[in-house]
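Remarks on the structure that follows.
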Amino acid sequence: MPTHLSVNVNAIAQLRNRRNLPWPSVTGLARIALEAGAAGITVHPRPDERHIRRHDVFDLAGLLSADFPAAEFNIEGYPDERFLALCEEVKPHQVTLVPDDPAQATSDHGWDVHRDADLLKRVIARLKAGGMRVSIFLDADPALVPAAKATGTDRIELYTGPYGHAGDAAVQAAELDKLAATTAAATAAGLAVNAGHDLTLDNLPPLVARAPAIAEVSIGHALTADALIHGMAETVRLYRKACGG
């Protein structure tokens with residue numbers, strides 16, 4: 001089975017927000033991505049709404065429900081009460097928990113699954129009681145898998161930043177080894193695996209070749225940049241091919 005592609009539309013929303021105009025349309029481009037075969041849509045609504053706004057979350061949920069019922073909606077964010085209440089109202093297929101400070105420009109590390117175990121167990125139980133699948137952001141380290149499993153999460157999302165922005169071939173190869181080993185450990189533990197951050201058309205094929213058990217990748221920045229060149233539909237087709245589709 002090829003790895004599924006979830007298109008993160010945060011960068012589209014951020015471009016729209018520069019002028020506070022209704023274009024580019026977040027839902028319009030999400031529709032094009034889904035029509036081109038994307039398996040789902042990802043959003044990361046931050047408290048300052050610098051990209052995805054609250055109404056976008058509901059607009060996208062409505063789009064998927066009405067016109068793409070087989071596609072998945074993934075909402076990611078730090079599990080404060082406001083975020084959890086939003087997820088409970090929208091009920092996406094998947095909630096991805098990230099340990100971000102609200103002031104961060106983007107995610108840059110996974111959870112400390114030992115230190116934050118109590119928080120994660122409590123939040124994951126609450127979300128799963130609402131019928132949502134839960135994934136937690138995790139650094140590529142097989143030793144973290146048992147503690148991640150103990151939180152009750154359904155999946156982990158591997159933080160691929162160190163692999164994605166590695167400028168040295170030897171460093172990239174070492175990071176790829178870590179990602180493959182962590183995927184294998186998680187799969188053996190009964191956890192499904194997602195991945196995301198700084199994935200591109202160039203570095204995605206080696207990743208899915210080494211770790212074919214990765215169920216889903218969430219890609220936004222590079223995919224949006226490529227869409228400026230190729231258009232959204234063709235870009236989604238290129239990324240699906242890079243995923244093994």
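Labels for the structure tokens follow display order: chains A, B, ..., residues from 1 in each chain, ligands from 1.
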Problem set entry | chain A: residues DSSP assigns to strand (DSSP E), reported as JSON, numbers by chain | {"A": [4, 5, 6, 7, 8, 40, 41, 42, 43, 72, 73, 74, 75, 76, 77, 94, 95, 96, 97, 133, 134, 135, 136, 137, 138, 155, 156, 157, 158, 159, 192, 193, 194, 195, 196, 214, 215, 216, 217, 218, 219]}
For this session: If you run DSSP over the backbone, which residues in range 33-224 of chain A end up helix (DSSP H, G or I)? Put them as number ranges by chain.
Result: A: 33-35, 54-67, 81-90, 117-129, 142-150, 161-164, 169-188, 204-210, 221-224
Please report, as a Markdown table, each residue of range 2-58 of chain A lying at most 12 Å from range 187-196 of chain A, together with the nearest pair of atoms and the separation in Å rounded to one decimal; use only C-alpha atoms, and order rows by chain and ascending residue number.
| residue | atom | partner | partner_atom | distance |
| --- | --- | --- | --- | --- |
| A:Thr3 | CA | A:Asn194 | CA | 8.9 |
| A:His4 | CA | A:Asn194 | CA | 9.1 |
| A:Leu5 | CA | A:Asn194 | CA | 10.0 |
| A:Ser6 | CA | A:Gly196 | CA | 9.7 |
| A:Val7 | CA | A:Gly196 | CA | 10.6 |
| A:Asn8 | CA | A:Gly196 | CA | 9.9 |
| A:Thr42 | CA | A:Gly196 | CA | 10.9 |
Mind dumping a table of every range 149-218 of chain A residue within 6 Å of range 113-135 of chain A, with the nearest atom pair and its distance in Å to one decimal, using only C-alpha atoms, sorted by chain and rising number, as a Markdown table?
| residue | atom | partner | partner_atom | distance |
| --- | --- | --- | --- | --- |
| A:Thr151 | CA | A:Lys121 | CA | 4.7 |
| A:Thr153 | CA | A:Val134 | CA | 5.6 |
| A:Asp154 | CA | A:Val134 | CA | 5.4 |
| A:Arg155 | CA | A:Ser135 | CA | 4.4 |
| A:Ile156 | CA | A:Ser135 | CA | 4.9 |
Problem set entry | Residues within 6 Å of Phe73 in chain A, only C-alpha atoms, excluding chain neighbours under 3 positions, as a PyMOL selection string | chain A and resi 40-41+92-93
Keeping C-alpha atoms for every residue in the selection just given, could you write it to a file as a PDB file, in the first residue's frame?
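Written output follows (result_19.pdb):
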ATOM      1  CA  GLY A  40      -6.776  14.078   3.390  1.00  0.00           C
ATOM      2  CA  ILE A  41      -6.289  17.622   4.611  1.00  0.00           C
ATOM      3  CA  PRO A  92     -11.899  15.245  12.870  1.00  0.00           C
ATOM      4  CA  HIS A  93     -10.823  11.762  11.925  1.00  0.00           C
TER       5      HIS A  93
END
Problem set entry | Contacts of range 225-241 of chain A within 9 Å, only C-alpha atoms, excl. fewer than 5 positions in-chain, as a list in words | Pro2, Thr3, His4, Leu5, Val7, Ala11, Leu29, Ala30, Ile32, Ala33, Leu34, Glu35, Ala36, Gly37, Ala38, Thr200, Leu201, Leu204, Pro205 and Gly220 of chain A
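Taking only C-alpha atoms into account, Leu207 in chain A lies nearest to A:Leu158 out of the set A:Leu158, A:Ala13, A:Ala186, A:Leu64.
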For this session: Select, from A:Pro79, A:Glu49, A:Lys178, A:Arg210, the residue with the minimum atom-to-atom distance to Arg18 in chain A, counting only C-alpha atoms.
Result: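 Among the listed residues, the smallest separation from Arg18 in chain A belongs to A:Glu49.
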Problem set entry | Point-to-point distance in Å for CA of Leu138 in chain A and CA of Arg82 in chain A |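 Computing it gives 22.5 Å between the two atoms.
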Exercise. Between CA of Leu223 in chain A and CA of Leu199 in chain A, what is the spacing in Å?
Worked result: 8.6 Å
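Near Gly62 in chain A, within a cut-off of 10 Å and counting only C-alpha atoms, sit the residues Thr27, Asp56, Phe68, Pro69 and Val90 of chain A, with same-chain residues fewer than 6 positions away left out.
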